[in-house]
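For reference, model.txt (compact mmCIF, C-alpha atoms):
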```txt
# COMPACT_ATOMS: atom_id res chain seq x y z
CA MET L 1 115.07 115.42 74.47
CA VAL L 2 115.02 117.26 71.16
CA GLY L 3 117.45 114.69 69.87
CA ILE L 4 115.20 111.79 70.86
CA VAL L 5 112.12 113.36 69.30
CA THR L 6 114.02 114.20 66.16
CA GLN L 7 115.30 110.66 65.97
CA LEU L 8 111.78 109.28 66.44
CA LEU L 9 110.36 111.59 63.79
CA MET L 10 113.10 110.62 61.39
CA GLY L 11 112.52 107.00 62.29
CA SER L 12 108.87 107.28 61.36
CA VAL L 13 109.77 108.89 58.06
CA TRP L 14 112.41 106.37 57.18
CA ALA L 15 110.34 103.42 58.38
CA GLU L 16 108.09 103.78 55.35
CA PRO L 17 109.55 101.47 52.70
CA LEU L 18 109.80 103.03 49.30
CA PRO L 19 108.10 101.27 46.42
CA PRO L 20 110.50 99.18 44.37
CA SER L 21 112.01 101.03 41.47
CA GLN L 22 114.04 98.23 39.94
CA PRO L 23 112.60 96.35 37.01
CA LEU L 24 110.76 93.11 37.59
CA TYR L 25 113.66 91.31 36.07
CA VAL L 26 116.35 91.81 33.51
CA SER L 27 114.93 90.86 30.16
CA GLU L 28 116.75 89.04 27.42
CA SER L 29 117.25 92.21 25.44
CA ASP L 30 118.53 94.03 28.56
CA ILE L 31 121.23 91.38 28.90
CA ARG L 32 121.96 91.33 25.21
CA ARG L 33 122.26 95.12 25.12
CA THR L 34 124.53 95.14 28.15
CA ILE L 35 126.85 92.57 26.65
CA GLU L 36 126.92 94.39 23.34
CA ALA L 37 127.62 97.68 25.10
CA SER L 38 130.54 95.97 26.81
CA TRP L 39 131.85 94.50 23.60
CA GLU L 40 135.14 96.36 23.78
CA ILE L 41 136.12 94.43 26.90
CA PHE L 42 136.36 91.34 24.70
CA GLU L 43 138.90 92.91 22.38
CA PRO L 44 141.79 91.02 24.01
CA CYS L 45 139.89 87.80 23.30
CA GLU L 46 139.40 88.70 19.64
CA ALA L 47 143.14 88.86 19.30
CA LEU L 48 143.32 85.31 20.59
CA VAL L 49 140.79 84.13 18.00
CA GLU L 50 143.13 85.17 15.23
CA THR L 51 146.06 83.27 16.62
CA GLY L 52 144.31 80.04 17.61
CA ASN L 53 142.07 77.44 16.08
CA THR L 54 138.96 78.10 18.16
CA PRO L 55 135.68 76.29 17.59
CA GLU L 56 132.51 78.36 17.46
CA PRO L 57 130.07 78.87 18.93
CA LEU L 58 131.16 78.85 22.54
CA THR L 59 128.61 78.80 25.33
CA VAL L 60 129.35 80.55 28.60
CA SER L 61 127.06 79.98 31.57
CA PHE L 62 127.00 82.66 34.20
CA VAL L 63 124.98 83.96 37.11
CA ILE L 64 123.94 87.59 37.52
CA GLU L 65 123.29 88.61 41.11
CA GLY L 66 120.67 91.12 42.17
CA ASP L 67 123.23 93.92 42.23
CA GLY L 68 124.04 93.27 38.58
CA LEU L 69 127.43 91.70 39.20
CA VAL L 70 128.41 88.30 37.79
CA SER L 71 129.09 85.87 40.62
CA SER L 72 130.23 82.89 38.57
CA ALA L 73 130.97 82.06 34.96
CA GLU L 74 132.15 78.95 33.17
CA LEU L 75 132.43 77.52 29.71
CA THR L 76 129.77 74.89 29.21
CA SER L 77 130.15 74.13 25.54
CA PRO L 78 132.18 72.68 24.03
CA LEU L 79 133.04 70.78 27.18
CA GLY L 80 136.67 70.36 28.05
CA LEU L 81 137.90 73.20 25.86
CA THR L 82 140.80 74.92 27.58
CA SER L 83 141.92 77.39 24.95
CA GLU L 84 143.15 80.82 25.92
CA TYR L 85 140.33 82.27 23.89
CA ALA L 86 137.67 80.45 25.94
CA SER L 87 139.34 81.38 29.23
CA CYS L 88 139.46 84.97 28.08
CA LEU L 89 135.75 85.00 27.29
CA VAL L 90 134.83 83.56 30.67
CA GLN L 91 137.12 85.94 32.48
CA HIS L 92 135.74 88.99 30.75
CA VAL L 93 132.09 87.99 31.08
CA SER L 94 132.71 88.07 34.81
CA THR L 95 133.59 91.76 34.65
CA ILE L 96 130.39 92.95 32.95
CA ILE L 97 128.07 94.97 35.15
CA PHE L 98 124.43 94.22 34.36
CA PRO L 99 121.37 96.23 35.48
CA GLU L 100 120.20 95.66 39.04
CA HIS L 101 117.16 93.45 39.28
CA TRP L 102 114.82 91.81 41.73
CA GLU L 103 116.47 89.90 44.53
CA ASN L 104 117.25 86.54 42.93
CA PRO L 105 120.26 85.55 40.85
CA ILE L 106 119.65 84.97 37.17
CA ALA L 107 121.41 81.90 35.78
CA LEU L 108 121.76 81.90 32.03
CA ARG L 109 123.84 80.86 29.06
CA TYR L 110 125.17 83.09 26.35
CA VAL L 111 126.41 81.76 23.06
CA PHE L 112 129.39 83.65 21.68
CA ASN L 113 129.68 83.54 17.96
CA TRP L 114 131.83 86.25 16.53
CA GLY L 115 130.18 88.17 13.75
CA THR L 116 126.69 87.16 14.81
CA GLN L 117 124.53 88.16 17.69
CA GLY L 118 124.81 86.04 20.80
CA LEU L 119 121.86 83.90 21.77
CA ILE L 120 120.59 83.88 25.31
CA LYS L 121 118.99 80.80 26.75
CA TYR L 122 116.55 81.54 29.50
CA PRO L 123 117.36 80.56 33.05
CA ARG L 124 116.26 77.14 34.12
CA VAL L 125 115.94 78.04 37.76
CA PRO L 126 112.54 79.60 38.53
CA LEU L 127 112.81 82.97 40.18
CA PRO L 128 109.98 83.80 42.59
CA GLN L 129 109.61 87.44 41.67
CA ARG L 130 109.40 86.54 38.02
CA LEU L 131 106.75 83.93 38.69
CA SER L 132 104.04 86.37 39.62
CA LEU L 133 101.62 87.43 36.92
CA PRO L 134 100.08 90.87 37.21
CA LEU L 135 97.84 90.91 40.27
CA GLY L 136 94.44 89.29 39.69
CA LEU L 137 95.34 87.82 36.31
CA SER L 138 94.88 84.10 35.88
CA PHE L 139 97.24 82.05 33.77
CA PHE L 140 96.25 81.95 30.10
CA GLY L 141 98.88 79.85 28.38
CA ILE L 142 101.77 82.31 28.32
CA SER L 143 104.50 82.11 30.91
CA THR L 144 105.35 85.13 33.04
CA GLU L 145 108.63 85.64 31.23
CA GLU L 146 107.03 85.38 27.82
CA LEU L 147 104.34 87.84 28.85
CA TYR L 148 106.90 90.32 30.13
CA ASP L 149 108.89 90.15 26.92
CA LEU L 150 105.73 90.27 24.85
CA LEU L 151 104.55 93.45 26.53
CA PHE L 152 107.77 95.31 27.04
CA GLU L 153 109.84 94.03 24.14
CA GLY L 154 106.84 93.97 21.83
CA ASP L 155 106.91 97.69 21.11
CA GLU L 156 110.41 97.38 19.75
CA ALA L 157 109.53 94.23 17.83
CA ASN L 158 106.45 95.88 16.41
CA GLY L 159 108.31 99.01 15.43
CA ASN L 160 106.44 101.15 17.94
CA VAL L 161 109.55 102.54 19.57
CA GLU L 162 111.34 105.36 17.79
CA MET O 1 112.19 121.06 82.95
CA CYS O 2 113.93 118.15 81.35
CA LYS O 3 112.13 115.66 83.62
CA VAL O 4 108.74 117.22 82.81
CA SER O 5 109.49 116.99 79.11
CA LEU O 6 110.50 113.37 79.41
CA LEU O 7 107.35 112.58 81.42
CA LEU O 8 105.14 114.28 78.81
CA PHE O 9 107.01 112.45 76.07
CA PHE O 10 106.39 109.03 77.60
CA ILE O 11 102.73 109.88 78.31
CA VAL O 12 102.27 110.77 74.63
CA LEU O 13 104.21 107.69 73.53
CA ASN O 14 102.15 105.45 75.80
CA GLY O 15 98.94 107.00 74.52
CA CYS O 16 99.93 106.33 70.92
CA ALA O 17 100.76 102.75 71.79
CA LEU O 18 97.37 102.28 73.45
CA LEU O 19 95.54 103.68 70.44
CA GLN O 20 97.14 101.10 68.19
CA SER O 21 96.92 98.21 70.60
CA GLN O 22 94.44 95.39 70.63
CA VAL O 23 92.06 94.51 73.41
CA GLU O 24 90.45 91.29 74.54
CA LEU O 25 88.72 89.28 71.86
CA ASN O 26 85.33 89.21 73.48
CA SER O 27 83.64 92.06 75.27
CA ALA O 28 80.34 92.13 77.14
CA ASP O 29 78.35 93.06 74.05
CA ARG O 30 80.34 91.19 71.45
CA VAL O 31 81.39 87.60 70.94
CA MET O 32 83.80 86.68 68.18
CA GLU O 33 83.70 83.00 67.35
CA MET O 34 85.41 80.84 64.79
CA SER O 35 83.49 79.90 61.64
CA SER O 36 84.38 77.77 58.67
CA TRP O 37 82.87 77.25 55.26
CA SER O 38 83.38 74.72 52.53
CA VAL O 39 83.79 76.60 49.29
CA GLU O 40 83.67 75.44 45.70
CA ALA O 41 84.28 77.82 42.84
CA GLU O 42 84.68 77.36 39.12
CA GLY O 43 86.44 80.04 37.17
CA SER O 44 86.42 80.47 33.39
CA PHE O 45 89.00 82.85 32.01
CA SER O 46 89.10 84.44 28.59
CA THR O 47 92.05 86.68 27.83
CA GLN O 48 92.92 89.16 25.10
CA ILE O 49 96.21 90.94 24.52
CA PHE O 50 95.69 94.14 22.58
CA GLY O 51 98.48 95.52 20.43
CA ARG O 52 100.14 92.11 20.05
CA ASP O 53 99.29 89.43 17.55
CA VAL O 54 99.45 86.57 20.02
CA PRO O 55 96.89 83.82 20.56
CA THR O 56 95.87 83.12 24.14
CA ASN O 57 94.20 80.11 25.70
CA ASP O 58 90.86 80.16 27.44
CA THR O 59 91.32 78.37 30.75
CA GLN O 60 89.15 76.91 33.47
CA ILE O 61 90.03 76.33 37.08
CA THR O 62 88.04 74.69 39.84
CA LEU O 63 88.98 75.47 43.40
CA ILE O 64 87.64 73.53 46.38
CA GLY O 65 88.56 73.85 50.03
CA GLU O 66 87.71 75.09 53.49
CA LEU O 67 87.94 78.69 54.62
CA ARG O 68 88.25 79.05 58.38
CA GLU O 69 87.79 82.40 60.01
CA SER O 70 88.96 82.85 63.59
CA PRO O 71 89.18 85.99 65.71
CA ARG O 72 92.52 87.67 66.22
CA SER O 73 91.75 90.94 67.93
CA LEU O 74 89.16 93.52 68.79
CA ASN O 75 90.75 96.84 67.96
CA ARG O 76 90.46 100.17 69.75
CA ASP O 77 88.67 101.72 66.78
CA ASP O 78 85.95 99.07 67.23
CA THR O 79 87.05 97.11 64.18
CA GLU O 80 87.76 93.40 64.38
CA THR O 81 90.71 91.52 62.97
CA TRP O 82 90.10 87.99 61.76
CA LEU O 83 92.46 85.32 60.52
CA LEU O 84 91.24 83.61 57.35
CA GLU O 85 92.91 80.24 56.76
CA TYR O 86 92.89 78.28 53.51
CA ARG O 87 92.58 74.64 54.53
CA GLY O 88 92.63 71.49 52.43
CA PHE O 89 92.41 73.29 49.11
CA LEU O 90 92.39 71.41 45.81
CA GLN O 91 92.56 72.86 42.33
CA GLY O 92 92.48 71.67 38.77
CA GLU O 93 91.00 72.33 35.38
CA ASN O 94 87.79 70.62 36.47
CA THR O 95 86.44 68.50 39.31
CA ASP O 96 87.88 65.33 37.73
CA SER O 97 91.44 66.64 37.73
CA LEU O 98 91.77 68.14 41.17
CA GLY O 99 95.14 68.07 42.90
CA PRO O 100 96.60 69.71 45.99
CA SER O 101 96.60 73.48 45.88
CA ASP O 102 99.47 75.54 47.23
CA LEU O 103 96.87 77.76 48.86
CA THR O 104 96.55 75.12 51.56
CA GLY O 105 98.04 76.24 54.84
CA ARG O 106 98.20 79.88 53.87
CA ALA O 107 96.31 82.64 55.58
CA LEU O 108 95.62 86.35 55.62
CA THR O 109 94.02 88.72 58.07
CA ILE O 110 90.88 90.73 57.51
CA ARG O 111 89.88 93.89 59.34
CA ARG O 112 86.24 94.95 59.41
CA PHE O 113 83.53 96.36 61.61
CA PRO O 114 81.28 93.66 63.08
CA GLY O 115 79.17 92.15 60.31
CA LYS O 116 80.31 94.82 57.85
CA GLN O 117 82.32 94.82 54.66
CA VAL O 118 86.00 94.00 54.59
CA LEU O 119 88.01 97.17 55.20
CA GLU O 120 91.46 95.81 54.50
CA ILE O 121 93.45 92.63 54.34
CA HIS O 122 97.05 91.80 55.19
CA GLY O 123 99.18 88.89 54.05
CA GLY O 124 97.84 88.60 50.52
CA SER O 125 101.38 88.26 49.16
CA HIS O 126 101.43 84.66 50.44
CA LEU O 127 98.46 83.77 48.28
CA ILE O 128 99.78 84.79 44.88
CA GLY O 129 102.41 83.64 42.39
CA PHE O 130 103.37 80.14 41.43
CA ALA O 131 104.32 77.24 43.65
CA GLU O 132 106.84 75.49 41.43
CA ASN O 133 107.03 76.94 37.98
CA ASP O 134 104.79 78.53 35.45
CA GLU O 135 105.06 75.80 32.87
CA GLN O 136 102.24 73.95 34.64
CA ALA O 137 100.58 77.12 35.71
CA VAL O 138 97.00 75.90 35.93
CA GLN O 139 98.14 73.42 38.54
CA THR O 140 100.60 75.60 40.39
CA GLN O 141 99.21 79.12 40.29
CA ARG O 142 98.29 80.02 43.85
CA LEU O 143 95.18 81.93 42.77
CA GLY O 144 94.53 83.86 45.98
CA ASP O 145 94.36 87.09 43.99
CA VAL O 146 92.30 85.59 41.17
CA PHE O 147 89.75 83.98 43.49
CA ASP O 148 89.87 86.96 45.86
CA LEU O 149 86.10 87.11 45.60
CA LEU O 150 86.00 84.26 48.12
CA LEU O 151 86.74 86.93 50.73
CA ALA O 152 83.47 88.58 49.76
CA ILE O 153 81.56 85.33 49.45
CA VAL O 154 82.00 84.62 53.16
CA ASN O 155 81.79 88.33 54.06
CA PRO O 156 79.02 89.76 51.86
CA ALA O 157 77.74 92.07 54.65
CA ALA O 158 74.10 91.84 53.59
CA PRO O 159 71.81 94.59 54.86
CA ALA O 160 69.11 93.94 57.47
CA LEU O 161 65.82 93.87 55.55
CA ASP O 162 62.20 92.88 56.11
CA VAL O 163 60.67 90.29 53.80
CA ASP O 164 60.15 91.69 50.27
CA GLU O 165 62.19 94.76 51.15
CA VAL O 166 64.80 95.86 48.62
CA ARG O 167 67.94 97.89 49.25
CA LEU O 168 71.15 98.89 47.52
CA LYS O 169 74.33 97.99 49.39
CA MET O 170 77.87 97.44 48.31
CA ILE O 171 79.95 94.27 48.67
CA ARG O 172 83.62 95.17 48.76
CA TRP O 173 86.77 93.12 48.92
CA PRO O 174 90.02 95.10 48.72
CA PHE O 175 92.66 92.50 47.96
CA SER O 176 96.20 93.61 48.66
CA ALA O 177 99.37 91.63 48.06
CA GLU O 178 101.89 94.15 49.27
CA ARG O 179 102.65 97.84 49.03
CA GLY O 180 101.91 98.98 45.50
CA ARG O 181 100.07 95.82 44.55
CA ASN O 182 96.35 95.90 45.19
CA LEU O 183 93.04 95.12 43.55
CA ARG O 184 89.97 96.80 45.00
CA SER O 185 86.73 95.36 43.68
CA TYR O 186 83.21 96.48 44.56
CA ALA O 187 79.85 94.95 43.77
CA ASN O 188 77.17 97.62 44.02
CA VAL O 189 74.21 95.28 44.32
CA THR O 190 70.51 95.48 45.06
CA TRP O 191 69.50 93.12 47.85
CA THR O 192 66.06 91.54 48.10
CA HIS O 193 64.79 89.73 51.17
CA LEU O 194 63.08 86.67 49.65
CA ALA O 195 62.01 84.61 52.63
CA HIS O 196 62.47 83.92 56.31
CA GLU O 197 62.31 80.23 57.09
CA ASP O 198 63.81 77.64 59.47
CA GLY O 199 65.84 80.22 61.31
CA LEU O 200 67.43 81.45 58.10
CA ILE O 201 67.01 84.62 56.11
CA ARG O 202 67.13 84.06 52.36
CA MET O 203 68.21 87.00 50.23
CA SER O 204 69.19 87.56 46.63
CA TYR O 205 71.32 90.26 45.09
CA ARG O 206 72.24 91.57 41.67
CA GLY O 207 74.29 94.49 40.44
CA GLY O 208 77.41 95.79 38.77
CA ILE O 209 81.04 95.29 39.70
CA SER O 210 83.55 98.11 39.56
CA GLY O 211 86.90 98.93 41.04
CA GLN O 212 90.53 99.60 40.35
CA GLY O 213 93.97 98.40 41.23
CA ARG O 214 97.62 98.69 40.46
CA ASP O 215 100.62 96.44 40.28
CA SER O 216 103.87 98.34 40.71
CA LEU O 217 105.96 95.30 39.78
CA TRP O 218 104.47 95.42 36.31
CA ASN O 219 103.84 99.19 36.22
CA ALA O 220 100.20 98.31 35.60
CA GLU O 221 96.95 100.13 36.31
CA ILE O 222 93.94 97.83 36.57
CA ALA O 223 90.32 98.74 35.82
CA VAL O 224 87.61 96.45 37.19
CA SER O 225 84.10 95.99 35.79
CA GLY O 226 81.50 93.24 35.70
CA GLU O 227 78.29 91.92 37.18
CA ALA O 228 77.43 89.98 40.31
CA SER O 229 74.37 87.98 41.28
CA GLY O 230 73.63 85.36 43.88
CA GLU O 231 71.63 84.14 46.83
CA VAL O 232 72.67 84.02 50.46
CA TRP O 233 71.23 82.31 53.51
CA LEU O 234 71.93 84.13 56.77
CA ASP O 235 71.51 83.06 60.38
CA GLU O 236 68.52 85.05 61.66
CA ILE O 237 70.21 85.77 65.00
CA THR O 238 73.86 86.31 64.18
CA GLY O 239 73.47 87.40 60.54
CA GLU O 240 76.32 85.09 59.68
CA VAL O 241 76.50 83.49 56.23
CA ARG O 242 75.18 79.91 56.26
CA GLY O 243 75.11 79.47 52.51
CA HIS O 244 75.97 81.48 49.41
CA GLU O 245 75.48 80.66 45.74
CA PHE O 246 77.14 83.04 43.35
CA ASP O 247 77.51 83.79 39.65
CA TRP O 248 79.88 86.66 39.08
CA VAL O 249 81.62 88.03 36.02
CA ARG O 250 84.61 90.29 36.47
CA VAL O 251 86.59 91.94 33.70
CA LEU O 252 90.11 93.14 34.50
CA ASP O 253 91.72 95.59 32.08
CA TYR O 254 95.47 96.10 32.46
CA ARG O 255 97.28 99.13 31.07
CA PHE O 256 101.04 99.27 31.41
CA SER O 257 103.41 102.22 31.50
CA ASN O 258 105.89 102.55 28.65
CA THR O 259 104.15 100.08 26.37
CA ASN O 260 101.10 100.09 24.15
CA GLY O 261 100.30 96.48 25.04
CA ARG O 262 97.08 95.96 27.01
CA ILE O 263 95.52 92.89 28.54
CA SER O 264 91.88 92.23 29.25
CA GLN O 265 90.71 89.13 31.08
CA ARG O 266 87.07 88.13 31.53
CA GLN O 267 86.67 86.05 34.66
CA GLN O 268 83.44 84.17 35.27
CA PHE O 269 83.01 82.61 38.70
CA THR O 270 80.22 80.30 39.76
CA GLY O 271 80.02 78.30 42.93
CA GLU O 272 78.84 78.10 46.47
CA ALA O 273 79.90 78.31 50.09
CA GLN O 274 78.34 76.24 52.86
CA TRP O 275 78.78 76.98 56.54
CA LEU O 276 80.38 74.05 58.38
CA GLU O 277 80.62 75.22 61.98
```

Rewrite the structure of this file - the entire thing - as structure tokens.
Amino acid sequence: MVGIVTQLLMGSVWAEPLPPSQPLYVSESDIRRTIEASWEIFEPCEALVETGNTPEPLTVSFVIEGDGLVSSAELTSPLGLTSEYASCLVQHVSTIIFPEHWENPIALRYVFNWGTQGLIKYPRVPLPQRLSLPLGLSFFGISTEELYDLLFEGDEANGNVE
Amino acid sequence: MCKVSLLLFFIVLNGCALLQSQVELNSADRVMEMSSWSVEAEGSFSTQIFGRDVPTNDTQITLIGELRESPRSLNRDDTETWLLEYRGFLQGENTDSLGPSDLTGRALTIRRFPGKQVLEIHGGSHLIGFAENDEQAVQTQRLGDVFDLLLAIVNPAAPALDVDEVRLKMIRWPFSAERGRNLRSYANVTWTHLAHEDGLIRMSYRGGISGQGRDSLWNAEIAVSGEASGEVWLDEITGEVRGHEFDWVRVLDYRFSNTNGRISQRQQFTGEAQWLE
């Protein structure tokens, strides 16, 4: 009897869903920072750059799942390149662990160009959670993603973050 | 002892279940019948982003459709639950550019005391966001949270007044999308009974809008202000809204955690609702 009641009480406590604590989505700078923080994993690839004639930049397309893991990655530019260097990049991108984010996979491209910062192209697949403006706000010419970056990346861009 | 405990346990459990349960839709002293209204609303939106040097566009959206309210349950606490369906909605920048709205076919439930203000809504999450993408946002924004005032337009809960009598009474419409995402707006208006003619009571109202909300997805706190005015025509027997012309201005101020960026949007809504059946 005590067990049943305890179970029911616990059930009622645990039945309350907790508010989401993950970010709305992983921003461009989040992804850039994560890749840069993982830069050492590409060291084996750098060695291959020195020994081969590798064109730059190389574009790798990959998908980040909600748990932050990369589910697929492939070289998309230049097409048909099969160098060890390119294979190495693709292989190591797959091992990066990104921040967890809201429910849907993020598909994106990252341009690797040694010596310069990579350039992220935004996903082309709309993600429902990212397509919701703040509640009550009507569209005013800035996409949801742009607004998010504008608000939360703006402090850094404007020098407001120490 | 164990059997007695179990019996008591199930009596308590059954009692709790009864308290939460619903009863028949119509009782001897109350009849809940379906109603529908044609609604037309024009919204003009002017937005400012503070702390960022970014230009924003003023936008206009016209929304036309049918709101159908049908009874769902009469609750043990004497409140009623109604289903509000969005039927045949069109939207566009103006009446010449109307296209299908993704609001069509969506619905939420409203709980209220008979003839009183909306206490709470459920299902608002289906009425927000974008249908396809946000590159054509004026066409694809679902707008249920922006035009949430339509909930109040068909549920203004006007007070019972004699002709020429004046009284202060609040219109409230607590929009909620999901846990942690809500927008509670109130219009604290003064009602005036203008006339009583052809079986209809004609009343006007005017007053200030206030309220607050939050959006946990954006870590945003929302402050609501503004002004509301309009005229309603009520059935003299049922008190139900037969017509409603409105001119409301709402200002939403958004403050976000961990950023100095702020957004303010002035929303002006004009339009009308006409009872269909």

Chain O residues near chain L (6 Å cut-off, only C-alpha atoms) as a list of chain:residue names: O:Asn57, O:Gly129, O:Phe130, O:Asp134, O:Asp145, O:Val146, O:Leu217, O:Gly261

Between atom CA of Leu83 of chain O and atom CA of Ser38 of chain O - distance in Å to one decimal: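 A separation of 16.1 Å between them.
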
Considering all atoms listed in the file, return as a PDB file with C-alpha atoms, in the coordinates of the input whatever protein or nucleic-acid residues lie within 7 Å of segment 39-42 of chain O, sequence-local ones (same chain, fewer than 4 positions apart) excluded.
```
ATOM      1  CA  ILE O  61      90.030  76.330  37.080  1.00  0.00           C
ATOM      2  CA  THR O  62      88.040  74.690  39.840  1.00  0.00           C
ATOM      3  CA  LEU O  63      88.980  75.470  43.400  1.00  0.00           C
ATOM      4  CA  ILE O  64      87.640  73.530  46.380  1.00  0.00           C
ATOM      5  CA  GLY O  65      88.560  73.850  50.030  1.00  0.00           C
ATOM      6  CA  GLU O  66      87.710  75.090  53.490  1.00  0.00           C
ATOM      7  CA  PHE O 269      83.010  82.610  38.700  1.00  0.00           C
ATOM      8  CA  THR O 270      80.220  80.300  39.760  1.00  0.00           C
ATOM      9  CA  GLY O 271      80.020  78.300  42.930  1.00  0.00           C
ATOM     10  CA  GLU O 272      78.840  78.100  46.470  1.00  0.00           C
ATOM     11  CA  ALA O 273      79.900  78.310  50.090  1.00  0.00           C
ATOM     12  CA  GLN O 274      78.340  76.240  52.860  1.00  0.00           C
TER      13      GLN O 274
END
```

Segment 249-259 of chain O environment, 7 Å, all atoms listed in the file, sequence neighbours closer than 3 positions dropped, as a list in words: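 The filter keeps Leu151, Phe152 and Asp155 of chain L; Ile209, Asn219, Ala220, Glu221, Ile222, Ala223, Val224, Ser225, Gly226, Glu227, Ala228, Arg262, Ile263, Ser264, Gln265, Arg266, Gln267, Gln268 and Phe269 of chain O.
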
Now that the selection is made, can you save its residues with C-alpha atoms as a PDB file, in the frame of the given file?
```pdb
ATOM      1  CA  LEU L 151     104.550  93.450  26.530  1.00  0.00           C
ATOM      2  CA  PHE L 152     107.770  95.310  27.040  1.00  0.00           C
ATOM      3  CA  ASP L 155     106.910  97.690  21.110  1.00  0.00           C
TER       4      ASP L 155
ATOM      5  CA  ILE O 209      81.040  95.290  39.700  1.00  0.00           C
ATOM      6  CA  ASN O 219     103.840  99.190  36.220  1.00  0.00           C
ATOM      7  CA  ALA O 220     100.200  98.310  35.600  1.00  0.00           C
ATOM      8  CA  GLU O 221      96.950 100.130  36.310  1.00  0.00           C
ATOM      9  CA  ILE O 222      93.940  97.830  36.570  1.00  0.00           C
ATOM     10  CA  ALA O 223      90.320  98.740  35.820  1.00  0.00           C
ATOM     11  CA  VAL O 224      87.610  96.450  37.190  1.00  0.00           C
ATOM     12  CA  SER O 225      84.100  95.990  35.790  1.00  0.00           C
ATOM     13  CA  GLY O 226      81.500  93.240  35.700  1.00  0.00           C
ATOM     14  CA  GLU O 227      78.290  91.920  37.180  1.00  0.00           C
ATOM     15  CA  ALA O 228      77.430  89.980  40.310  1.00  0.00           C
ATOM     16  CA  ARG O 262      97.080  95.960  27.010  1.00  0.00           C
ATOM     17  CA  ILE O 263      95.520  92.890  28.540  1.00  0.00           C
ATOM     18  CA  SER O 264      91.880  92.230  29.250  1.00  0.00           C
ATOM     19  CA  GLN O 265      90.710  89.130  31.080  1.00  0.00           C
ATOM     20  CA  ARG O 266      87.070  88.130  31.530  1.00  0.00           C
ATOM     21  CA  GLN O 267      86.670  86.050  34.660  1.00  0.00           C
ATOM     22  CA  GLN O 268      83.440  84.170  35.270  1.00  0.00           C
ATOM     23  CA  PHE O 269      83.010  82.610  38.700  1.00  0.00           C
TER      24      PHE O 269
END
```

Atom CA of Val166 of chain O to atom CA of Thr190 of chain O, straight-line distance in Å: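 Atom CA of Val166 of chain O lies 6.7 Å from atom CA of Thr190 of chain O.
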
Distance in Å - atom CA of Arg142 of chain O versus atom CA of Leu103 of chain O: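 Those two atoms sit 5.7 Å apart.
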
Nearby residues (all atoms listed in the file) at most 8 Å from Arg172 of chain O, same-chain spacing under 3 positions excluded, as a list in words: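 The residues satisfying every condition are Gln117, Val118, Ala152, Pro156, Arg184, Ser185, Tyr186 and Ala187 of chain O.
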
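Nearest residue to Trp275 of chain O among O:Ile49, O:Leu161, O:Leu234, O:Leu98 is O:Leu234, counting all atoms listed in the file.
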
Close residues, Val93 of chain L itself excluded, 12 Å, only C-alpha atoms, min 5 positions apart in chain, as JSON, numbers by chain: {"L": [31, 34, 35, 36, 38, 39, 40, 41, 42, 45, 59, 60, 61, 62, 63, 64, 69, 70, 71, 72, 73, 74, 75, 86, 87, 88, 98, 109, 110, 111, 112]}

Counting all atoms listed in the file, the residue of L:Pro99, L:Pro44, L:Gly66, L:Pro78 that sits nearest Arg32 of chain L: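 Nearest candidate to Arg32 of chain L out of L:Pro99, L:Pro44, L:Gly66, L:Pro78: L:Pro99.
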
Could you write segment 141-150 of chain L as an mmCIF file, in the coordinates of the input, with N, CA and C atoms rebuilt where they are missing?
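Everything below was put into selection36.cif:
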```cif
data_model
loop_
_atom_site.group_PDB
_atom_site.id
_atom_site.type_symbol
_atom_site.label_atom_id
_atom_site.label_comp_id
_atom_site.auth_asym_id
_atom_site.auth_seq_id
_atom_site.Cartn_x
_atom_site.Cartn_y
_atom_site.Cartn_z
ATOM 1 N N GLY L 141 98.107 80.579 29.382
ATOM 2 C CA GLY L 141 98.880 79.850 28.380
ATOM 3 C C GLY L 141 100.198 80.502 28.012
ATOM 4 N N ILE L 142 100.506 81.638 28.599
ATOM 5 C CA ILE L 142 101.770 82.310 28.320
ATOM 6 C C ILE L 142 102.517 82.473 29.637
ATOM 7 N N SER L 143 103.762 82.037 29.657
ATOM 8 C CA SER L 143 104.500 82.110 30.910
ATOM 9 C C SER L 143 104.764 83.572 31.282
ATOM 10 N N THR L 144 105.107 83.779 32.535
ATOM 11 C CA THR L 144 105.350 85.130 33.040
ATOM 12 C C THR L 144 106.452 85.816 32.237
ATOM 13 N N GLU L 145 107.514 85.063 31.969
ATOM 14 C CA GLU L 145 108.630 85.640 31.230
ATOM 15 C C GLU L 145 108.226 86.004 29.814
ATOM 16 N N GLU L 146 107.489 85.100 29.183
ATOM 17 C CA GLU L 146 107.030 85.380 27.820
ATOM 18 C C GLU L 146 106.121 86.600 27.798
ATOM 19 N N LEU L 147 105.264 86.697 28.810
ATOM 20 C CA LEU L 147 104.340 87.840 28.850
ATOM 21 C C LEU L 147 105.105 89.141 29.031
ATOM 22 N N TYR L 148 106.099 89.112 29.895
ATOM 23 C CA TYR L 148 106.900 90.320 30.130
ATOM 24 C C TYR L 148 107.582 90.760 28.833
ATOM 25 N N ASP L 149 108.216 89.813 28.176
ATOM 26 C CA ASP L 149 108.890 90.150 26.920
ATOM 27 C C ASP L 149 107.897 90.608 25.864
ATOM 28 N N LEU L 150 106.756 89.938 25.825
ATOM 29 C CA LEU L 150 105.730 90.270 24.850
ATOM 30 C C LEU L 150 105.245 91.705 25.015
#
```
